[in-house]
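Scroll down for the structure; my scribbles are underneath it.
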Amino acid sequence: MNLPSNIASTLLYLDGVSVSFDGFRAINNLSLTLDVGEMRAIIGPNGAGKTTMMDIITGKTRADEGEVFFDHGRVDLSTHDEADIATLGIGRKFQKPTVFESHTVEDNILLAMKGKRSAFASLFHRSSAGEAKEITNILETVRLAGKRGALAANLSHGQKQWLEIGMLLAQDPKLLLVDEPVAGMTDAETEETARLLKHIAEDHSVIVVEHDMHFVRELGVKVTCLHEGSVLAEGRLEHVSADPRVIEVYLGR
Amino acid sequence: MILTRFFLGGFDRGITVLIALLLLLALIVPILHLAVPPTSFFHIPTFIVALLGKYLTYALLALSLDLVWGYCGILSLGHGAFFALGGYAMGMYLMRQIGSRGSYGNAELPDFMVFLNWKELPWFWYGFDNFAFALLMVMLVPGLLAFVFGWFAFRSRVTGVYLSIITQAMTYALMLAFFRNNMGFGGNNGLTDFKDILGFNVQAPETRMALFSASAVALCLGILITSALVNSKYGKLMIGVRDAESRLRFLGYRPESIKLLAFTVSAVMAGVAGALYVPQVGIINPGEFDPGNSIEVVIWTAVGGRGTIVGPVIGALLVNAGKSWFTGVLPEFWLFALGGLFVFVTLFMPKGVVGLWTSVKARWRAKPSAEITQPAEAQT
């Protein structure tokens, strides 16, 4: 396989990826690269293929065509399954907050914490003081320090989103995929989340999918606009939102 | 060393009380049965002992189902199969103990084989004259079946109602197979006419009492193992599988191996329950594989309260005591009552008797301070 030379500087590299479901092309010749340490916002109307793209990166969906590489082109993601990809260092937050509702906030983080993943290892796991301290750090980062003992089911919608982001942090991934983190949040929570993500992006690579333009502006990072499964425009938000094709897609045709 | 650490999960009070009660039962019932004269008010008659012993093995079966259903979210409608396989393994040992005392007086072959004109013992009956070997098989056969079945089912990501249906199909297929005479397990008559266990007459009151106490102790062990599993990090993963399997997968865990471990341990527990059941009731036949039996286990567990350790034990005891009473008074209506009970519990007591008890207790405690807000309904 001939890989381009610039792949060595990328954390994530998608080239010519296509996938269709029953004849519908959800992703159509999509190419996208993400540099190490970069934070990227992905925007696009409903059905643009944003979530399908995440499914492909995390191994939930297999691409029909194209290449998906991770970690400086060293790992071909199409040969790994979800659990493998997660241990390779890609964490994913779902669109709908998905946490373990009948566990406490602390236990949610504990289960996410980097470590052995086999069933037998978990059988003989002992919690340590170091672990507890790490949980405290993460809970402070995601503004949930006061909720440590609370059941996840009793958190507010926004707090569940934060908890899930906290679980991603506990995983200590190289790349965080964050799907609509501020959906259903209040304005204050949205601003807090932007601050949180910017803080996380200081030492992680992040891809954020979001509809909320105000939030994307707040992040102030490079934006990729998807439409019908491929990249429509890419660049700074002012540049992308001034693109006549993007305006057409968003305002109807 | 590892085991003590493993069991050091710290049990809650309900479990400690339950284990104490069971051990007390294992001690008191034999005394009241053997040492107290039949004329005394405190004497426990044989049929009650037989019933109680049977209920205890049912309780262990319900507990094993709860491990996979209540904690791991796998609704097995075929757990009776593991129970029956454990029972058959014990039955085979008991058959080999009959020796030349059978109707045909053949020292080597059980009666039904002589009747079928078989000349020699099939290979899969070898070794069952040895109690230790039989005991190993009691655990190994159900465990292995569960492992292989689970391996394929969980890897193929068969979940929910589809998984329930194939577990049901598994027990049904086994029932049909065991009904066949040439399977070598006694066909529809099954295995019966047992004489000795470890050299003691199975009918003797002392042996019955020993079996009764063994059932109580086995149930205690089952409770200890279950609570050790549930209180470990692995237990949290089981609940994770139940509540958000895909979240766990994207965290890098393999839900299939978490389920496989629980399913296999559970099948072994069910097998042990079956092995204790058979010598106490004196027979094992393919009817034990009936899918209806497995569904009844689900009802016991639901009634007692799934996802708790005390629940399935209470449920199995309550429903079976009810069954014994009901089938004496209004035999035709038992199945209607059972079905009605299941509907009632599902609709109005989703957490079973144990859930009812906890909520009553919580309300009673909350009464003094009227200001306390209603606790949020737990989401299912």
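Identifiers in this document derive from the order of the structure tokens: chains are assigned A, B, ..., residues are numbered from 1 separately in each chain, and ligands are numbered from 1 in order of occurrence.
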
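Residue-level contact on chain A: within 6 Å of chain B, counting only C-alpha atoms, the set is Glu82, Ala83, Ala86, Thr87, Phe100, Arg117, Ala119, Ser122 and Leu123 of chain A.
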
If you keep N, CA and C atoms, can you produce a file of those selected residues as a short mmCIF file (atom, residue, chain, number, x, y, z; two decimals), in the first residue's frame?
```cif
data_model
loop_
_atom_site.label_atom_id
_atom_site.label_comp_id
_atom_site.auth_asym_id
_atom_site.auth_seq_id
_atom_site.Cartn_x
_atom_site.Cartn_y
_atom_site.Cartn_z
N GLU A 82 -14.45 -2.64 18.00
CA GLU A 82 -14.68 -1.51 18.91
C GLU A 82 -13.78 -1.54 20.14
N ALA A 83 -13.74 -2.73 20.78
CA ALA A 83 -12.99 -2.82 22.04
C ALA A 83 -11.49 -2.58 21.79
N ALA A 86 -10.88 1.10 21.16
CA ALA A 86 -10.94 1.86 22.41
C ALA A 86 -9.62 1.73 23.17
N THR A 87 -9.06 0.51 23.20
CA THR A 87 -7.80 0.34 23.94
C THR A 87 -6.62 0.94 23.19
N PHE A 100 -23.56 4.57 32.97
CA PHE A 100 -24.14 3.44 33.69
C PHE A 100 -25.06 3.99 34.78
N ARG A 117 -8.53 -4.96 30.85
CA ARG A 117 -9.92 -5.02 30.44
C ARG A 117 -10.51 -6.42 30.50
N ALA A 119 -12.16 -9.96 31.92
CA ALA A 119 -13.13 -10.26 32.97
C ALA A 119 -12.42 -10.77 34.22
N SER A 122 -10.76 -8.07 36.31
CA SER A 122 -11.72 -7.27 37.07
C SER A 122 -12.19 -8.00 38.31
N LEU A 123 -12.14 -9.33 38.25
CA LEU A 123 -12.59 -10.15 39.39
C LEU A 123 -11.70 -9.91 40.61
#
```

Residue list (alpha helix (DSSP H), DSSP) for range 78-241 of chain A, as a ChimeraX atom specification: /A:82-88,105-112,119-123,129-141,157-171,187-201,213-219,237-241

Polymer residues at most 9 Å from Thr51 in chain A, only C-alpha atoms, same-chain spacing of 6 or more positions, as a PyMOL selection string: chain A and resi 94-95+179+209

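Computed from the coordinates, the CA of Leu135 in chain B to CA of Met90 in chain B distance equals 7.2 Å.
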
Which residues come within 12 Å of range 320-327 of chain B, counting only C-alpha atoms, excluding same-chain residues fewer than 5 positions away, as a compact mmCIF listing (two decimals) with N, CA and C atoms, in the first residue's frame?
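Final file, result-v1.txt:
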```
# COMPACT_ATOMS: atom_id res chain seq x y z
N PHE B 47 -42.44 -35.63 55.04
CA PHE B 47 -42.81 -34.97 53.77
C PHE B 47 -42.45 -33.49 53.79
N ILE B 48 -42.48 -32.88 54.97
CA ILE B 48 -42.08 -31.46 55.06
C ILE B 48 -40.58 -31.33 54.78
N ALA B 50 -38.78 -33.32 53.01
CA ALA B 50 -38.55 -33.55 51.59
C ALA B 50 -38.88 -32.29 50.78
N LEU B 51 -40.00 -31.65 51.14
CA LEU B 51 -40.38 -30.43 50.44
C LEU B 51 -39.34 -29.33 50.64
N LEU B 52 -38.96 -29.13 51.91
CA LEU B 52 -38.01 -28.05 52.21
C LEU B 52 -36.69 -28.26 51.48
N GLY B 53 -36.24 -29.52 51.47
CA GLY B 53 -34.98 -29.83 50.79
C GLY B 53 -35.06 -29.49 49.32
N LYS B 54 -36.21 -29.83 48.72
CA LYS B 54 -36.43 -29.54 47.31
C LYS B 54 -36.43 -28.02 47.08
N TYR B 55 -37.10 -27.31 47.95
CA TYR B 55 -37.17 -25.84 47.81
C TYR B 55 -35.78 -25.22 47.86
N LEU B 56 -34.92 -25.76 48.73
CA LEU B 56 -33.58 -25.19 48.85
C LEU B 56 -32.81 -25.33 47.55
N THR B 57 -32.98 -26.50 46.89
CA THR B 57 -32.27 -26.65 45.61
C THR B 57 -32.88 -25.71 44.56
N TYR B 58 -34.19 -25.51 44.63
CA TYR B 58 -34.82 -24.55 43.72
C TYR B 58 -34.29 -23.14 43.97
N ALA B 59 -34.08 -22.84 45.25
CA ALA B 59 -33.58 -21.50 45.59
C ALA B 59 -32.19 -21.28 44.98
N ALA B 62 -32.70 -20.63 41.35
CA ALA B 62 -33.17 -19.26 41.12
C ALA B 62 -32.03 -18.26 41.29
N GLU B 296 -40.68 -21.11 34.92
CA GLU B 296 -41.07 -20.98 36.34
C GLU B 296 -39.93 -20.38 37.16
N VAL B 297 -38.71 -20.77 36.84
CA VAL B 297 -37.56 -20.23 37.59
C VAL B 297 -37.51 -18.71 37.43
N ILE B 299 -40.04 -16.82 37.00
CA ILE B 299 -41.10 -16.24 37.84
C ILE B 299 -40.66 -16.18 39.31
N TRP B 300 -40.05 -17.26 39.80
CA TRP B 300 -39.58 -17.22 41.21
C TRP B 300 -38.68 -16.02 41.41
N THR B 301 -37.74 -15.86 40.46
CA THR B 301 -36.75 -14.79 40.61
C THR B 301 -37.41 -13.42 40.55
N VAL B 303 -40.51 -12.71 41.31
CA VAL B 303 -41.33 -12.50 42.50
C VAL B 303 -40.45 -12.08 43.68
N GLY B 304 -39.33 -12.76 43.84
CA GLY B 304 -38.46 -12.43 44.97
C GLY B 304 -37.78 -11.09 44.80
N PRO B 312 -34.12 -13.88 44.92
CA PRO B 312 -34.45 -15.16 44.30
C PRO B 312 -34.64 -16.28 45.30
N VAL B 313 -33.90 -16.24 46.41
CA VAL B 313 -34.05 -17.28 47.43
C VAL B 313 -35.45 -17.20 48.03
N ILE B 314 -35.84 -15.98 48.42
CA ILE B 314 -37.18 -15.79 48.97
C ILE B 314 -38.24 -16.15 47.94
N GLY B 315 -38.04 -15.71 46.71
CA GLY B 315 -39.01 -15.98 45.65
C GLY B 315 -39.21 -17.46 45.43
N GLU B 332 -56.37 -27.49 39.55
CA GLU B 332 -56.58 -27.06 38.15
C GLU B 332 -56.19 -25.60 37.96
N PHE B 333 -56.19 -24.84 39.04
CA PHE B 333 -56.02 -23.40 38.87
C PHE B 333 -54.61 -22.91 39.11
N TRP B 334 -53.71 -23.83 39.44
CA TRP B 334 -52.36 -23.40 39.80
C TRP B 334 -51.69 -22.60 38.69
N LEU B 335 -51.79 -23.10 37.44
CA LEU B 335 -51.10 -22.40 36.36
C LEU B 335 -51.68 -21.01 36.13
N PHE B 336 -52.98 -20.88 36.32
CA PHE B 336 -53.60 -19.55 36.18
C PHE B 336 -53.08 -18.62 37.27
N ALA B 337 -52.99 -19.17 38.46
CA ALA B 337 -52.51 -18.36 39.58
C ALA B 337 -51.07 -17.94 39.34
N LEU B 338 -50.26 -18.88 38.84
CA LEU B 338 -48.85 -18.58 38.59
C LEU B 338 -48.71 -17.49 37.53
N LEU B 341 -49.78 -14.25 38.92
CA LEU B 341 -48.76 -13.74 39.83
C LEU B 341 -47.66 -13.02 39.05
```

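Counting from CA of Val310 in chain B, the distance to CA of Ile15 in chain B is 6.5 Å.
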
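Here CA of His103 in chain A stands at a distance of 19.7 Å from CA of Ala121 in chain A.
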
Close residues, His227 in chain A itself excluded, 12 Å, only C-alpha atoms, min 2 positions apart in chain, as a PyMOL selection string: chain A and resi 25-30+42-50+53+224-225+229-234+245-250

Exercise: Val354 in chain B partners within 12 Å, only C-alpha atoms, chain neighbours under 2 positions left out, as number ranges by chain: B: 14, 301-315, 345, 349-352, 356-361

Please save N, CA and C atoms of the selected residues as a compact mmCIF listing (two decimals), in the first residue's frame.
```txt
# COMPACT_ATOMS: atom_id res chain seq x y z
N GLY B 14 -28.59 -8.05 55.01
CA GLY B 14 -29.58 -9.02 54.53
C GLY B 14 -28.95 -10.36 54.23
N THR B 301 -37.74 -15.86 40.46
CA THR B 301 -36.75 -14.79 40.61
C THR B 301 -37.41 -13.42 40.55
N ALA B 302 -38.36 -13.27 39.64
CA ALA B 302 -39.05 -11.99 39.51
C ALA B 302 -39.86 -11.69 40.76
N VAL B 303 -40.51 -12.71 41.31
CA VAL B 303 -41.33 -12.50 42.50
C VAL B 303 -40.45 -12.08 43.68
N GLY B 304 -39.33 -12.76 43.84
CA GLY B 304 -38.46 -12.43 44.97
C GLY B 304 -37.78 -11.09 44.80
N GLY B 305 -37.41 -10.77 43.59
CA GLY B 305 -36.72 -9.50 43.32
C GLY B 305 -35.41 -9.76 42.63
N ARG B 306 -35.39 -9.50 41.33
CA ARG B 306 -34.15 -9.78 40.60
C ARG B 306 -33.13 -8.68 40.82
N GLY B 307 -31.89 -9.04 40.60
CA GLY B 307 -30.83 -8.07 40.85
C GLY B 307 -30.53 -7.91 42.33
N THR B 308 -31.05 -8.82 43.15
CA THR B 308 -30.69 -8.86 44.57
C THR B 308 -30.29 -10.30 44.87
N ILE B 309 -29.61 -10.51 45.98
CA ILE B 309 -29.19 -11.87 46.28
C ILE B 309 -30.24 -12.58 47.13
N VAL B 310 -30.86 -11.82 48.03
CA VAL B 310 -31.86 -12.42 48.90
C VAL B 310 -33.13 -12.72 48.10
N GLY B 311 -33.43 -11.89 47.12
CA GLY B 311 -34.68 -11.98 46.37
C GLY B 311 -34.98 -13.34 45.79
N PRO B 312 -34.12 -13.88 44.92
CA PRO B 312 -34.45 -15.16 44.30
C PRO B 312 -34.64 -16.28 45.30
N VAL B 313 -33.90 -16.24 46.41
CA VAL B 313 -34.05 -17.28 47.43
C VAL B 313 -35.45 -17.20 48.03
N ILE B 314 -35.84 -15.98 48.42
CA ILE B 314 -37.18 -15.79 48.97
C ILE B 314 -38.24 -16.15 47.94
N GLY B 315 -38.04 -15.71 46.71
CA GLY B 315 -39.01 -15.98 45.65
C GLY B 315 -39.21 -17.46 45.43
N VAL B 345 -46.71 -9.17 39.43
CA VAL B 345 -45.38 -8.74 39.88
C VAL B 345 -44.74 -7.82 38.84
N MET B 349 -44.97 -4.80 41.03
CA MET B 349 -43.83 -4.98 41.93
C MET B 349 -42.59 -5.29 41.11
N PRO B 350 -42.16 -4.36 40.25
CA PRO B 350 -41.05 -4.68 39.35
C PRO B 350 -39.78 -5.11 40.08
N LYS B 351 -39.67 -4.76 41.34
CA LYS B 351 -38.47 -5.19 42.08
C LYS B 351 -38.78 -6.31 43.06
N GLY B 352 -39.97 -6.91 42.92
CA GLY B 352 -40.30 -8.08 43.70
C GLY B 352 -40.51 -7.80 45.18
N LEU B 356 -40.24 -4.33 47.40
CA LEU B 356 -41.38 -3.84 48.18
C LEU B 356 -40.93 -3.55 49.61
N TRP B 357 -40.18 -4.49 50.15
CA TRP B 357 -39.69 -4.37 51.52
C TRP B 357 -38.81 -3.13 51.68
N THR B 358 -37.89 -2.92 50.73
CA THR B 358 -37.01 -1.75 50.84
C THR B 358 -37.80 -0.46 50.73
N SER B 359 -38.80 -0.43 49.85
CA SER B 359 -39.52 0.83 49.69
C SER B 359 -40.42 1.09 50.91
N VAL B 360 -40.99 0.01 51.48
CA VAL B 360 -41.79 0.19 52.69
C VAL B 360 -40.91 0.70 53.82
N LYS B 361 -39.72 0.12 53.93
CA LYS B 361 -38.79 0.52 54.98
C LYS B 361 -38.38 1.99 54.80
```

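Excluding Val36 in chain A and any residue on its chain fewer than 5 positions from it, the residues at most 9 Å away by only C-alpha atoms are Ser9, Thr10, Leu11, Leu12, Asp71, His72, Lys174, Leu175, His204 and Ser205 of chain A.
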
What does the file look like for those residues with C-alpha atoms, as a PDB file, in the first residue's frame?
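Writing the result to part-v5.pdb gives the following:
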```pdb
ATOM      1  CA  SER A   9       2.234  13.797  11.161  1.00  0.00           C
ATOM      2  CA  THR A  10      -1.440  12.810  11.445  1.00  0.00           C
ATOM      3  CA  LEU A  11      -3.251  11.251  14.350  1.00  0.00           C
ATOM      4  CA  LEU A  12      -6.216  10.333  12.209  1.00  0.00           C
ATOM      5  CA  ASP A  71      -1.571   7.119  15.195  1.00  0.00           C
ATOM      6  CA  HIS A  72       0.794   8.435  12.494  1.00  0.00           C
ATOM      7  CA  LYS A 174      -5.116   9.917  22.390  1.00  0.00           C
ATOM      8  CA  LEU A 175      -8.202  11.020  20.504  1.00  0.00           C
ATOM      9  CA  HIS A 204      -5.558  15.643  23.835  1.00  0.00           C
ATOM     10  CA  SER A 205      -6.672  15.573  20.229  1.00  0.00           C
TER      11      SER A 205
END
```

Backbone DSSP call of strand (DSSP E or B) for range 64-179 of chain A, listed as a VMD selection string: chain A and resid 65 to 70 75 to 76 90 to 93 104 151 175 to 179

Distance criterion (only C-alpha atoms): nearest to Lys222 in chain A out of A:Leu34, A:Ile109, A:Ile135, A:Ala183: A:Leu34
